[in-house]
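Novice: Got a file for you: start-v4.tsv, TSV, C-alpha atoms.
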```tsv
chain	number	residue	atom	x	y	z
A	1	MET	CA	-19.22	4.35	-2.78
A	2	PHE	CA	-18.84	0.64	-3.53
A	3	TRP	CA	-20.92	0.66	-6.71
A	4	ASP	CA	-18.04	1.16	-9.17
A	5	ALA	CA	-16.09	-1.68	-7.57
A	6	HIS	CA	-19.18	-3.90	-7.73
A	7	ALA	CA	-19.65	-3.07	-11.42
A	8	ASP	CA	-15.99	-3.89	-12.16
A	9	ILE	CA	-16.33	-7.23	-10.36
A	10	ARG	CA	-19.39	-8.07	-12.45
A	11	ARG	CA	-17.39	-7.30	-15.60
A	12	GLY	CA	-14.62	-9.63	-14.45
A	13	ALA	CA	-12.07	-6.78	-14.22
A	14	VAL	CA	-11.18	-7.35	-10.54
A	15	GLN	CA	-9.32	-10.30	-9.04
A	16	GLU	CA	-8.45	-8.59	-5.75
A	17	LEU	CA	-10.56	-6.00	-3.92
A	18	VAL	CA	-8.97	-4.18	-0.99
A	19	ALA	CA	-11.49	-2.27	1.13
A	20	LYS	CA	-10.07	0.04	3.77
A	21	GLY	CA	-11.40	2.87	5.89
A	22	GLY	CA	-12.44	3.95	9.35
A	23	ARG	CA	-15.11	2.82	11.76
A	24	GLY	CA	-18.65	2.52	10.46
A	25	SER	CA	-17.56	2.76	6.83
A	26	GLY	CA	-19.72	-0.17	5.66
A	27	LYS	CA	-16.82	-2.09	4.11
A	28	SER	CA	-17.48	-5.38	5.97
A	29	SER	CA	-21.20	-5.19	5.19
A	30	TYR	CA	-20.46	-4.59	1.52
A	31	LEU	CA	-17.91	-7.41	1.25
A	32	SER	CA	-20.22	-9.91	2.92
A	33	LEU	CA	-22.98	-9.05	0.44
A	34	GLU	CA	-20.60	-9.21	-2.52
A	35	LEU	CA	-19.17	-12.55	-1.44
A	36	VAL	CA	-22.63	-14.16	-1.24
A	37	LEU	CA	-23.64	-12.63	-4.56
A	38	GLN	CA	-20.53	-13.92	-6.33
A	39	LEU	CA	-21.02	-17.37	-4.81
A	40	LEU	CA	-24.45	-17.53	-6.45
A	41	ARG	CA	-23.14	-16.18	-9.74
A	42	HIS	CA	-20.47	-18.93	-9.92
A	43	PRO	CA	-22.12	-22.27	-9.10
A	44	GLY	CA	-18.87	-24.22	-9.35
A	45	VAL	CA	-16.93	-22.37	-6.63
A	46	HIS	CA	-16.85	-22.27	-2.83
A	47	ALA	CA	-15.76	-19.50	-0.43
A	48	VAL	CA	-13.42	-19.25	2.54
A	49	VAL	CA	-13.56	-16.45	5.13
A	50	LEU	CA	-10.48	-15.87	7.29
A	51	ARG	CA	-9.43	-14.11	10.47
A	52	LYS	CA	-5.98	-14.32	11.99
A	53	VAL	CA	-7.39	-15.69	15.27
A	54	GLY	CA	-10.01	-18.42	15.00
A	55	ALA	CA	-11.70	-17.48	18.30
A	56	THR	CA	-12.90	-14.22	16.75
A	57	LEU	CA	-14.83	-15.86	13.90
A	58	ARG	CA	-18.05	-16.54	15.82
A	59	THR	CA	-18.50	-12.91	16.86
A	60	SER	CA	-17.34	-11.19	13.65
A	61	VAL	CA	-17.33	-12.59	10.13
A	62	TYR	CA	-19.71	-15.53	10.77
A	63	PRO	CA	-22.65	-13.35	11.93
A	64	GLN	CA	-21.70	-10.84	9.22
A	65	ILE	CA	-22.16	-13.46	6.50
A	66	CYS	CA	-25.39	-14.64	8.13
A	67	TRP	CA	-26.61	-11.03	8.08
A	68	ALA	CA	-25.78	-10.72	4.36
A	69	ILE	CA	-27.67	-13.94	3.58
A	70	GLY	CA	-30.73	-12.58	5.36
A	71	ALA	CA	-30.40	-9.11	3.80
A	72	LEU	CA	-30.46	-10.71	0.36
A	73	GLY	CA	-33.61	-12.66	1.20
A	74	LEU	CA	-31.81	-16.01	1.03
A	75	GLY	CA	-32.38	-17.26	4.57
A	76	ARG	CA	-34.33	-20.32	3.45
A	77	LYS	CA	-31.77	-21.18	0.78
A	78	PHE	CA	-28.83	-21.50	3.23
A	79	ARG	CA	-28.08	-23.80	6.15
A	80	CYS	CA	-25.71	-22.12	8.62
A	81	THR	CA	-24.00	-24.11	11.39
A	82	VAL	CA	-21.26	-23.38	13.91
A	83	SER	CA	-19.93	-26.94	14.24
A	84	PRO	CA	-18.54	-27.08	11.66
A	85	MET	CA	-18.67	-23.34	11.07
A	86	GLU	CA	-20.03	-23.03	7.55
A	87	CYS	CA	-22.93	-21.76	5.47
A	88	THR	CA	-24.20	-24.12	2.75
A	89	TYR	CA	-26.24	-22.97	-0.25
A	90	LEU	CA	-28.80	-25.75	-0.39
A	91	PRO	CA	-29.73	-25.66	-4.11
A	92	THR	CA	-26.13	-26.43	-5.19
A	93	GLY	CA	-24.25	-27.55	-2.06
A	94	GLN	CA	-21.75	-24.67	-2.30
A	95	LYS	CA	-20.13	-23.80	1.01
A	96	ILE	CA	-18.82	-20.73	2.79
A	97	GLN	CA	-16.27	-21.98	5.34
A	98	PHE	CA	-14.62	-20.04	8.18
A	99	PHE	CA	-11.05	-20.48	9.44
A	100	GLY	CA	-8.53	-18.82	11.71
A	101	LEU	CA	-4.88	-18.82	10.67
A	102	ASP	CA	-3.73	-19.54	14.22
A	103	ASP	CA	-4.38	-23.16	13.22
A	104	ALA	CA	-2.88	-23.14	9.74
A	105	GLY	CA	-2.91	-26.94	9.53
A	106	LYS	CA	-6.67	-27.00	9.05
A	107	LEU	CA	-6.41	-24.63	6.12
A	108	LYS	CA	-3.70	-26.68	4.41
A	109	SER	CA	-5.93	-29.73	4.41
A	110	ILE	CA	-9.05	-27.96	3.16
A	111	ARG	CA	-10.78	-29.61	0.20
A	112	ALA	CA	-13.79	-28.41	-1.74
A	113	PRO	CA	-16.62	-31.00	-1.88
A	114	PHE	CA	-16.75	-30.32	-5.63
A	115	GLY	CA	-15.44	-27.68	-7.99
A	116	THR	CA	-12.85	-25.25	-6.59
A	117	ILE	CA	-12.40	-22.56	-3.95
A	118	GLY	CA	-12.77	-19.35	-5.91
A	119	LEU	CA	-13.67	-16.78	-3.23
A	120	CYS	CA	-11.67	-15.73	-0.19
A	121	TRP	CA	-12.10	-12.90	2.33
A	122	PHE	CA	-9.27	-11.75	4.63
A	123	GLU	CA	-10.99	-9.70	7.35
A	124	GLU	CA	-8.76	-7.41	9.46
A	125	LEU	CA	-5.91	-7.87	7.00
A	126	ASP	CA	-3.49	-5.88	9.17
A	127	GLN	CA	-3.61	-8.61	11.86
A	128	PHE	CA	-2.02	-11.17	9.53
A	129	ASP	CA	1.74	-11.63	9.69
A	130	GLY	CA	2.54	-10.01	6.37
A	131	PRO	CA	2.22	-10.36	2.60
A	132	GLU	CA	4.10	-13.67	2.61
A	133	GLU	CA	1.49	-15.30	4.85
A	134	VAL	CA	-1.38	-13.92	2.78
A	135	ARG	CA	0.27	-15.00	-0.46
A	136	SER	CA	0.83	-18.51	0.91
A	137	VAL	CA	-2.86	-18.80	1.81
A	138	GLU	CA	-3.95	-17.67	-1.64
A	139	GLN	CA	-1.61	-20.16	-3.27
A	140	SER	CA	-3.17	-22.95	-1.18
A	141	LEU	CA	-6.76	-21.93	-1.85
A	142	PHE	CA	-6.78	-20.81	-5.46
A	143	ARG	CA	-5.75	-24.03	-7.15
A	144	GLY	CA	-7.50	-25.07	-10.32
A	145	GLY	CA	-10.58	-23.49	-11.81
A	146	ASP	CA	-10.84	-20.40	-13.94
A	147	TYR	CA	-12.32	-18.03	-11.34
A	148	ALA	CA	-10.67	-16.50	-8.27
A	149	LEU	CA	-11.54	-13.35	-6.35
A	150	ALA	CA	-9.92	-12.24	-3.07
A	151	PHE	CA	-11.44	-9.68	-0.68
A	152	LYS	CA	-9.22	-7.91	1.87
A	153	SER	CA	-10.53	-5.46	4.45
A	154	PHE	CA	-8.94	-3.52	7.31
A	155	ASN	CA	-8.75	-0.26	9.21
A	156	PRO	CA	-5.36	1.27	8.29
A	157	PRO	CA	-2.84	1.25	11.16
A	158	ALA	CA	-1.61	4.70	12.14
A	159	MET	CA	2.00	3.92	11.22
A	160	GLY	CA	2.88	4.28	7.56
A	161	ARG	CA	5.61	1.68	8.06
A	162	SER	CA	2.97	-1.03	8.65
A	163	TRP	CA	3.20	-3.74	5.98
A	164	VAL	CA	-0.48	-3.42	5.09
A	165	ASN	CA	-0.23	0.32	4.42
A	166	ARG	CA	2.71	-0.33	2.12
A	167	TYR	CA	0.84	-3.21	0.48
A	168	VAL	CA	-2.01	-0.91	-0.55
A	169	LEU	CA	0.42	1.30	-2.47
A	170	GLN	CA	1.76	-1.58	-4.58
A	171	PRO	CA	0.01	-1.66	-7.96
A	172	ARG	CA	-1.02	-4.95	-9.53
A	173	ALA	CA	-3.14	-5.88	-12.51
A	174	GLY	CA	-6.69	-6.71	-11.39
A	175	LYS	CA	-6.25	-5.07	-7.98
A	176	ARG	CA	-8.82	-2.49	-6.88
A	177	VAL	CA	-8.56	-0.39	-3.71
A	178	VAL	CA	-11.61	1.32	-2.18
A	179	HIS	CA	-11.40	3.73	0.74
A	180	ALA	CA	-14.64	4.45	2.61
A	181	THR	CA	-15.64	6.38	5.73
A	182	TYR	CA	-18.76	6.68	7.85
A	183	ARG	CA	-19.52	9.97	6.08
A	184	ASP	CA	-20.28	7.99	2.90
A	185	LEU	CA	-23.26	6.28	4.57
A	186	PRO	CA	-26.76	7.62	5.33
A	187	ALA	CA	-26.81	9.06	8.83
A	188	ASP	CA	-29.78	6.95	9.92
A	189	TRP	CA	-27.78	3.76	9.23
A	190	LEU	CA	-25.33	4.75	11.97
A	191	GLY	CA	-27.56	6.33	14.59
A	192	PRO	CA	-27.20	9.51	16.66
A	193	ARG	CA	-24.86	8.02	19.30
A	194	PHE	CA	-22.27	6.91	16.71
A	195	LEU	CA	-22.35	10.32	15.01
A	196	ALA	CA	-22.13	12.17	18.34
A	197	ASP	CA	-19.11	10.12	19.42
A	198	ALA	CA	-17.38	10.79	16.10
A	199	ASP	CA	-18.02	14.52	16.29
A	200	HIS	CA	-16.84	14.70	19.91
A	201	LEU	CA	-13.54	13.02	19.04
A	202	ARG	CA	-13.15	15.35	16.05
A	203	GLN	CA	-13.30	18.32	18.41
A	204	VAL	CA	-11.14	17.05	21.26
A	205	ASN	CA	-8.56	14.97	19.36
A	206	PRO	CA	-8.51	15.66	15.59
A	207	LEU	CA	-5.58	13.33	14.95
A	208	ALA	CA	-7.29	10.36	16.62
A	209	TYR	CA	-10.50	11.23	14.75
A	210	ARG	CA	-8.71	11.17	11.39
A	211	HIS	CA	-7.22	7.78	12.19
A	212	GLU	CA	-10.19	6.03	13.81
A	213	TYR	CA	-13.12	7.46	11.85
A	214	LEU	CA	-11.56	8.57	8.55
A	215	GLY	CA	-9.10	5.69	8.29
A	216	GLU	CA	-6.12	7.93	7.59
A	217	VAL	CA	-2.51	6.89	8.11
A	218	VAL	CA	-1.60	9.64	10.54
A	219	GLY	CA	1.67	8.21	11.84
A	220	SER	CA	2.93	8.61	15.36
A	221	GLY	CA	3.33	12.35	15.14
A	222	ALA	CA	6.96	11.88	14.08
A	223	ALA	CA	6.63	11.90	10.28
A	224	VAL	CA	9.67	13.42	8.58
A	225	PHE	CA	7.82	14.60	5.47
A	226	ASP	CA	4.60	16.43	6.24
A	227	ASN	CA	4.68	18.02	2.77
A	228	LEU	CA	4.11	14.72	0.97
A	229	ARG	CA	1.38	14.49	-1.66
A	230	LEU	CA	0.55	10.97	-2.83
A	231	GLU	CA	-1.70	11.39	-5.84
A	232	PRO	CA	-2.00	10.29	-9.47
A	233	LEU	CA	0.14	12.33	-11.84
A	234	ASP	CA	-1.25	13.12	-15.25
A	235	ALA	CA	1.76	13.02	-17.56
A	236	ALA	CA	0.01	15.28	-20.05
A	237	ALA	CA	-0.61	17.92	-17.38
A	238	LEU	CA	2.95	17.98	-16.02
A	239	PRO	CA	4.92	21.10	-16.94
A	240	ALA	CA	7.87	20.42	-19.23
A	241	PRO	CA	10.84	20.52	-16.84
A	242	GLU	CA	13.92	22.45	-17.88
A	243	ARG	CA	16.00	19.62	-16.53
A	244	VAL	CA	15.36	16.11	-15.24
A	245	TYR	CA	17.50	15.08	-12.30
A	246	HIS	CA	18.47	11.43	-11.85
A	247	GLY	CA	19.76	9.81	-8.65
A	248	VAL	CA	21.11	6.37	-7.75
A	249	ASP	CA	21.66	4.77	-4.37
A	250	TRP	CA	23.93	1.72	-4.69
A	251	GLY	CA	22.83	-1.55	-3.19
A	252	TRP	CA	22.98	-5.30	-3.65
A	253	TYR	CA	21.20	-7.39	-0.97
A	254	PRO	CA	19.31	-7.04	1.30
A	255	ASP	CA	19.59	-3.30	0.62
A	256	PRO	CA	18.39	-2.63	-2.92
A	257	TRP	CA	19.82	-0.59	-5.75
A	258	ALA	CA	17.43	2.37	-6.11
A	259	TYR	CA	16.98	4.87	-8.94
A	260	ASN	CA	14.73	7.92	-9.22
A	261	ALA	CA	14.09	10.63	-11.79
A	262	VAL	CA	12.68	13.92	-10.49
A	263	ALA	CA	11.71	17.36	-11.74
A	264	TYR	CA	11.88	20.53	-9.65
A	265	ASP	CA	9.61	23.54	-10.07
A	266	PRO	CA	11.37	26.42	-8.27
A	267	ALA	CA	8.50	28.86	-8.79
A	268	ARG	CA	6.14	26.59	-6.85
A	269	ARG	CA	8.87	25.01	-4.72
A	270	THR	CA	7.53	21.60	-5.74
A	271	LEU	CA	9.45	18.40	-6.39
A	272	VAL	CA	7.80	15.79	-8.62
A	273	VAL	CA	9.10	12.21	-8.60
A	274	LEU	CA	8.77	11.03	-12.20
A	275	ASP	CA	10.18	7.52	-12.22
A	276	GLU	CA	11.76	4.76	-10.14
A	277	LEU	CA	13.54	1.44	-10.43
A	278	THR	CA	14.37	-1.02	-7.64
A	279	ARG	CA	16.64	-4.04	-8.04
A	280	ARG	CA	18.47	-6.54	-5.85
A	281	ARG	CA	21.48	-8.69	-6.75
A	282	THR	CA	21.83	-6.85	-10.06
A	283	PRO	CA	25.32	-6.01	-11.44
A	284	ASN	CA	26.26	-2.47	-12.42
A	285	ARG	CA	26.33	-3.30	-16.13
A	286	ASP	CA	22.71	-4.49	-15.93
A	287	THR	CA	21.40	-1.51	-13.97
A	288	ALA	CA	23.27	0.78	-16.39
A	289	ARG	CA	21.50	-0.94	-19.27
A	290	LEU	CA	18.16	-0.40	-17.48
A	291	LEU	CA	18.89	3.33	-17.31
A	292	LEU	CA	19.99	3.50	-20.94
A	293	ASP	CA	16.84	1.69	-22.01
A	294	ARG	CA	14.91	4.22	-19.89
A	295	GLY	CA	16.35	7.07	-21.95
A	296	VAL	CA	18.57	8.42	-19.18
A	297	GLY	CA	21.52	8.68	-21.56
A	298	GLU	CA	19.56	10.99	-23.87
A	299	SER	CA	18.39	13.04	-20.88
A	300	LEU	CA	22.00	13.59	-19.80
A	301	ARG	CA	22.94	14.77	-23.30
A	302	THR	CA	20.17	17.39	-23.17
A	303	GLY	CA	21.07	18.85	-19.79
A	304	GLY	CA	19.97	16.28	-17.26
A	305	LEU	CA	22.17	15.21	-14.36
A	306	LEU	CA	22.86	11.75	-12.91
A	307	THR	CA	24.25	11.78	-9.37
A	308	ALA	CA	25.03	8.64	-7.37
A	309	ASP	CA	26.23	7.76	-3.88
A	310	SER	CA	29.95	8.53	-3.67
A	311	ALA	CA	30.52	5.57	-1.32
A	312	GLU	CA	31.22	3.38	-4.38
A	313	PRO	CA	33.65	5.17	-6.75
A	314	LYS	CA	34.06	1.98	-8.80
A	315	SER	CA	30.31	1.79	-9.46
A	316	CYS	CA	30.30	5.40	-10.66
A	317	ALA	CA	33.23	4.54	-12.96
A	318	ASP	CA	31.35	1.48	-14.25
A	319	TYR	CA	28.48	3.75	-15.28
A	320	ARG	CA	30.78	6.20	-17.01
A	321	ALA	CA	32.31	3.30	-18.96
A	322	THR	CA	28.84	2.55	-20.39
A	323	GLY	CA	28.41	6.15	-21.53
A	324	LEU	CA	26.37	7.40	-18.57
A	325	ALA	CA	27.84	10.66	-17.26
A	326	CYS	CA	27.57	9.69	-13.60
A	327	ARG	CA	28.67	12.18	-10.95
A	328	ALA	CA	29.54	11.20	-7.39
A	329	ALA	CA	27.57	13.03	-4.70
A	330	HIS	CA	29.60	15.55	-2.68
A	331	LYS	CA	29.23	14.19	0.81
A	332	GLY	CA	30.59	16.08	3.75
A	333	PRO	CA	29.82	17.27	7.27
A	334	GLY	CA	26.20	18.29	7.53
A	335	SER	CA	25.28	17.29	3.96
A	336	LEU	CA	22.66	14.77	5.11
A	337	ASN	CA	20.92	17.28	7.37
A	338	GLN	CA	21.10	20.03	4.75
A	339	SER	CA	19.58	17.91	2.00
A	340	MET	CA	16.84	16.49	4.24
A	341	LYS	CA	15.91	19.92	5.58
A	342	TRP	CA	15.72	21.21	2.01
A	343	LEU	CA	13.32	18.42	1.07
A	344	GLN	CA	11.23	19.13	4.18
A	345	SER	CA	11.12	22.85	3.37
A	346	LEU	CA	9.50	22.35	-0.04
A	347	ALA	CA	5.88	23.26	-0.54
A	348	ALA	CA	5.20	19.74	-1.81
A	349	ILE	CA	6.85	16.47	-2.77
A	350	CYS	CA	4.51	14.84	-5.29
A	351	ILE	CA	4.65	11.07	-5.85
A	352	ASP	CA	2.26	8.90	-7.84
A	353	PRO	CA	1.92	5.61	-5.87
A	354	ALA	CA	1.00	3.71	-9.05
A	355	ARG	CA	4.01	5.01	-10.95
A	356	CYS	CA	6.54	4.94	-8.09
A	357	PRO	CA	5.18	2.58	-5.40
A	358	ASP	CA	8.50	1.90	-3.62
A	359	THR	CA	9.33	5.60	-3.40
A	360	ALA	CA	5.84	6.47	-2.18
A	361	ALA	CA	6.03	3.79	0.51
A	362	GLU	CA	9.44	4.98	1.76
A	363	PHE	CA	8.52	8.66	1.97
A	364	ALA	CA	5.15	7.92	3.59
A	365	ALA	CA	6.61	5.57	6.22
A	366	TYR	CA	9.75	7.54	7.08
A	367	GLU	CA	9.62	8.78	10.68
A	368	TYR	CA	11.95	10.07	13.33
A	369	ALA	CA	13.09	7.49	15.85
A	370	ARG	CA	11.76	7.63	19.40
A	371	ASP	CA	13.48	6.89	22.69
A	372	PRO	CA	12.12	3.44	23.71
A	373	ARG	CA	12.05	4.47	27.39
A	374	THR	CA	10.60	7.97	27.25
A	375	GLY	CA	8.88	7.98	23.85
A	376	GLU	CA	10.52	11.30	23.01
A	377	VAL	CA	11.47	11.98	19.40
A	378	LEU	CA	15.22	11.63	18.83
A	379	PRO	CA	17.25	14.03	16.67
A	380	GLY	CA	18.71	12.90	13.36
A	381	TYR	CA	17.37	10.88	10.46
A	382	PRO	CA	17.16	7.07	10.81
A	383	ASP	CA	19.28	5.16	8.31
A	384	VAL	CA	16.64	2.53	7.56
A	385	ASP	CA	14.28	1.95	4.61
A	386	ASN	CA	15.47	5.15	2.93
A	387	HIS	CA	17.06	3.95	-0.32
A	388	HIS	CA	14.79	5.90	-2.67
A	389	ILE	CA	14.87	8.87	-0.30
A	390	ASP	CA	18.65	8.86	-0.71
A	391	ALA	CA	18.36	8.49	-4.49
A	392	VAL	CA	16.11	11.57	-4.57
A	393	ARG	CA	18.54	13.49	-2.33
A	394	TYR	CA	21.43	12.70	-4.64
A	395	ALA	CA	19.38	13.60	-7.71
A	396	VAL	CA	18.72	17.16	-6.52
A	397	GLU	CA	22.09	17.77	-4.89
A	398	SER	CA	23.00	20.40	-7.49
A	399	VAL	CA	19.79	22.27	-6.59
A	400	TRP	CA	19.93	22.36	-2.81
A	401	ARG	CA	23.65	23.16	-2.76
A	402	ARG	CA	23.13	26.47	-4.57
A	403	ARG	CA	24.00	29.08	-2.01
A	404	GLY	CA	21.32	31.63	-1.28
A	405	GLN	CA	18.75	29.97	-3.50
```
What would you get if you wrote out this structure as structure tokens?
Specialist:
Amino acid sequence: MFWDAHADIRRGAVQELVAKGGRGSGKSSYLSLELVLQLLRHPGVHAVVLRKVGATLRTSVYPQICWAIGALGLGRKFRCTVSPMECTYLPTGQKIQFFGLDDAGKLKSIRAPFGTIGLCWFEELDQFDGPEEVRSVEQSLFRGGDYALAFKSFNPPAMGRSWVNRYVLQPRAGKRVVHATYRDLPADWLGPRFLADADHLRQVNPLAYRHEYLGEVVGSGAAVFDNLRLEPLDAAALPAPERVYHGVDWGWYPDPWAYNAVAYDPARRTLVVLDELTRRRTPNRDTARLLLDRGVGESLRTGGLLTADSAEPKSCADYRATGLACRAAHKGPGSLNQSMKWLQSLAAICIDPARCPDTAAEFAAYEYARDPRTGEVLPGYPDVDNHHIDAVRYAVESVWRRRGQ
């Protein structure tokens, strides 16, 4: 299951490989092999392997790299030491060094003995403090040189709101995501006890099995949208909608301005999110121009609807002044619950994470709040991280308000 990713790396088409999945999926074994292979293929670069906590290096990634060296028949070509913790390729002097980010000072002062650091592996990515910390590390390591490849591996946390689950959904040129499970490996690699434990958990606790062994983001059992389908959308295969609905949720900072275009298929009771835009600190005239450039004006002239949050009448008027026929949403008692229940009642809400990453992340992570003392699910819909959800609600207001439909 890693062969296509390996082939893309060899072609130079991948600068970041994210490997995720459940227990026994082989992702760490694969990445350790790939890292050693790429070190040999690029004689001018060195590698750094990272864990959040340095004390875990000696019992995790260090023996994993040593295993990969042996599996590739290179034991006599490497010198591996624990003080300092590094593996040196003797023919060239290239090094694989190991660091924990609990002592970030050591990493800031790292220097390659020659050439550049072109390979980096973040093991257990979800244990790092967030994308800012990971980005800062990459900026420190990947300086100079014309080759850089980052590996990132983790078991997905159960909560969709986790930063690492949202990170996976964000598209980027040169980024490749691979999801693997133990079922992708030959059974004799895992052994009868591992397989028996997995099957037992599947029978007694299917939700825990899906999370631990299949690497699924199962949430806490309080997901608002259990009809969500995150999958690529083939534009050519989409039915021509009779009408495209557009929605805007006003925002500035830190809350963003959010826009979505959606199509509704009443026969299949399916809502398809077609497009999104997210901006911060952007004036109304500029976001209006974004929509006009997107063709929203033409859509409105051919029957489409643009509905925005009524909390800002001036912003709606600003849009109308630019030629965008912007309607204010009809808020009132119970309108939030009615619109949310309508969305939840659909057969499916389809979102392409590559096309609409912010919308996909919001819908996937949106959960009911829980009482911190009892853990019981609380009624109502949390008003947090729901800007694109609101934009979608406003977009289809004219649909869900039809009585008896």
Novice: Find the residues around Leu74 (chain A) up to 12 Å (all atoms listed in the file counted), leave out those fewer than 4 positions away in its own chain, and share them as a ChimeraX atom specification.
Specialist: /A:33,36-37,40,65-70,78-80,87-91
Novice: Which is closer to Lys95 (chain A) than all the others in A:Leu343, A:Ala71, A:Gly323, A:Val45, using all atoms listed in the file?
Specialist: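 So, comparing all the options, the nearest one is A:Val45.
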Novice: A:Ser299, A:Ser25, A:Ser32, A:Glu397: which is nearest Trp189 (chain A), counting only C-alpha atoms?
Specialist: A:Ser25
Novice: Can you tell me, as lines of an AutoDock Vina configuration file, the centre and edge lengths (Å, one decimal) of the axis-aligned box enclosing all of region 389-403 of chain A's listed atoms after padding each side by 5 Å?
Specialist:
```
center_x = 19.4
center_y = 18.8
center_z = -4.0
size_x = 19.1
size_y = 30.6
size_z = 17.4
```
Novice: Taking 2 positions as the minimum chain separation for residues in the same chain, which residues sit within 10 Å of Tyr319 (chain A) when counting all atoms listed in the file? Answer as number ranges by chain.
Specialist: A: 284-285, 287-289, 291, 308, 314-317, 321-327
Novice: Between CA of Asp385 (chain A) and CA of Arg402 (chain A), what is the distance, to one decimal in Å?
Specialist: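 Distance between the two atoms: 27.6 Å.
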Novice: Looking at all atoms listed in the file, which of A:His46, A:Lys331, A:Arg58, A:Arg393 is the one that sits closest to Gly115 (chain A)?
Specialist: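 Counting all atoms listed in the file, the residue closest to Gly115 (chain A) is A:His46.
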Novice: I need every residue sitting at most 12 Å from the point (-19.9, 8.1, 6.8) (coordinates as in the file, only C-alpha atoms considered), written as a PDB file with C-alpha atoms, keeping the file's coordinate frame.
Specialist:
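File written: selection_17.pdb
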```pdb
ATOM      1  CA  MET A   1     -19.220   4.350  -2.780  1.00  0.00           C
ATOM      2  CA  GLY A  21     -11.400   2.870   5.890  1.00  0.00           C
ATOM      3  CA  GLY A  22     -12.440   3.950   9.350  1.00  0.00           C
ATOM      4  CA  ARG A  23     -15.110   2.820  11.760  1.00  0.00           C
ATOM      5  CA  GLY A  24     -18.650   2.520  10.460  1.00  0.00           C
ATOM      6  CA  SER A  25     -17.560   2.760   6.830  1.00  0.00           C
ATOM      7  CA  GLY A  26     -19.720  -0.170   5.660  1.00  0.00           C
ATOM      8  CA  LYS A  27     -16.820  -2.090   4.110  1.00  0.00           C
ATOM      9  CA  HIS A 179     -11.400   3.730   0.740  1.00  0.00           C
ATOM     10  CA  ALA A 180     -14.640   4.450   2.610  1.00  0.00           C
ATOM     11  CA  THR A 181     -15.640   6.380   5.730  1.00  0.00           C
ATOM     12  CA  TYR A 182     -18.760   6.680   7.850  1.00  0.00           C
ATOM     13  CA  ARG A 183     -19.520   9.970   6.080  1.00  0.00           C
ATOM     14  CA  ASP A 184     -20.280   7.990   2.900  1.00  0.00           C
ATOM     15  CA  LEU A 185     -23.260   6.280   4.570  1.00  0.00           C
ATOM     16  CA  PRO A 186     -26.760   7.620   5.330  1.00  0.00           C
ATOM     17  CA  ALA A 187     -26.810   9.060   8.830  1.00  0.00           C
ATOM     18  CA  ASP A 188     -29.780   6.950   9.920  1.00  0.00           C
ATOM     19  CA  TRP A 189     -27.780   3.760   9.230  1.00  0.00           C
ATOM     20  CA  LEU A 190     -25.330   4.750  11.970  1.00  0.00           C
ATOM     21  CA  GLY A 191     -27.560   6.330  14.590  1.00  0.00           C
ATOM     22  CA  PHE A 194     -22.270   6.910  16.710  1.00  0.00           C
ATOM     23  CA  LEU A 195     -22.350  10.320  15.010  1.00  0.00           C
ATOM     24  CA  ALA A 198     -17.380  10.790  16.100  1.00  0.00           C
ATOM     25  CA  ASP A 199     -18.020  14.520  16.290  1.00  0.00           C
ATOM     26  CA  TYR A 213     -13.120   7.460  11.850  1.00  0.00           C
ATOM     27  CA  LEU A 214     -11.560   8.570   8.550  1.00  0.00           C
ATOM     28  CA  GLY A 215      -9.100   5.690   8.290  1.00  0.00           C
TER      29      GLY A 215
END
```
Novice: What separation in Å, quoted to one decimal, exists between CA of Arg281 (chain A) and CA of Trp252 (chain A)?
Specialist: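 Answer for the CA of Arg281 (chain A) to CA of Trp252 (chain A) separation: 4.8 Å.
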